[in-house]
Amino acid sequence: MTNRLKEFRARVGLTQAKVAAAVGVSQPNYQRWETEAAPIPDDKLGKLAEALGTDAASLLGRHAPIEVGLYDDSVDDALSYYGEVAVHFSGGGEPLLLS
């Protein structure tokens, strides 16, 4: 499982040195976490998540399942998903579009 420290750090516009200072470690130590050369200590994970504006699970690449309503009129539009699939045939011809 890959951590997402660099992604979240870039998202909030902080340098490695600023994140390291917020967490209370040296920049080289933080860099080892970001490159996964060293594990993130449990006692620093909460501070790190707070500094980067997210939660520990997101930093570690552990995500909760995304909730959607597939073709369900009872859910909010933000949770609705209406997708399409194009089937391409190896023999050529027009693709078949399925909604």
# chains A, B, ... in the order shown; residues from 1 in each chain; ligands from 1
>>> residues_around(residues="A:Glu7", least_positions_apart="6", cutoff="12 Å", atoms="only C-alpha atoms", output="CSV table (one decimal) with C-alpha atoms, in the first residue's frame")
chain,number,residue,atom,x,y,z
A,13,GLY,CA,0.9,23.9,-1.0
A,14,LEU,CA,3.4,23.1,1.7
A,15,THR,CA,7.1,22.2,1.5
A,16,GLN,CA,8.6,19.2,3.2
A,34,GLU,CA,7.2,10.5,2.0
A,35,THR,CA,9.5,8.2,-0.1
A,52,LEU,CA,-2.2,18.1,5.6
A,53,GLY,CA,-5.9,18.6,6.1
A,54,THR,CA,-7.0,15.0,5.8
A,58,SER,CA,-6.4,8.7,3.4
A,59,LEU,CA,-2.7,9.4,4.0
A,60,LEU,CA,-2.0,5.7,4.1
A,61,GLY,CA,-4.0,5.0,1.0
>>> closest_residue(among="A:Ala38, A:Ala10, A:Val87, A:Leu45", to="A:Gly24", atoms="only C-alpha atoms")
A:Leu45
>>> closest_residue(among="A:Leu5, A:Leu97, A:Ala51, A:Ala86", to="A:Pro39", atoms="only C-alpha atoms")
A:Leu5
>>> atom_distance(atom1="atom CA of A:Leu48", atom2="atom CA of A:Ala21")
10.2 Å
>>> atom_distance(atom1="atom CA of A:Asp55", atom2="atom CA of A:Gln27")
21.0 Å
>>> closest_residue(among="A:Thr2, A:Ser74, A:Trp33, A:Ser90", to="A:Val19", atoms="only C-alpha atoms")
A:Trp33
>>> atom_distance(atom1="atom CA of A:Glu84", atom2="atom CA of A:Leu98")
5.6 Å
>>> closest_residue(among="A:Arg9, A:Ser26, A:Arg32, A:His88", to="A:Ala49", atoms="only C-alpha atoms")
A:Arg9
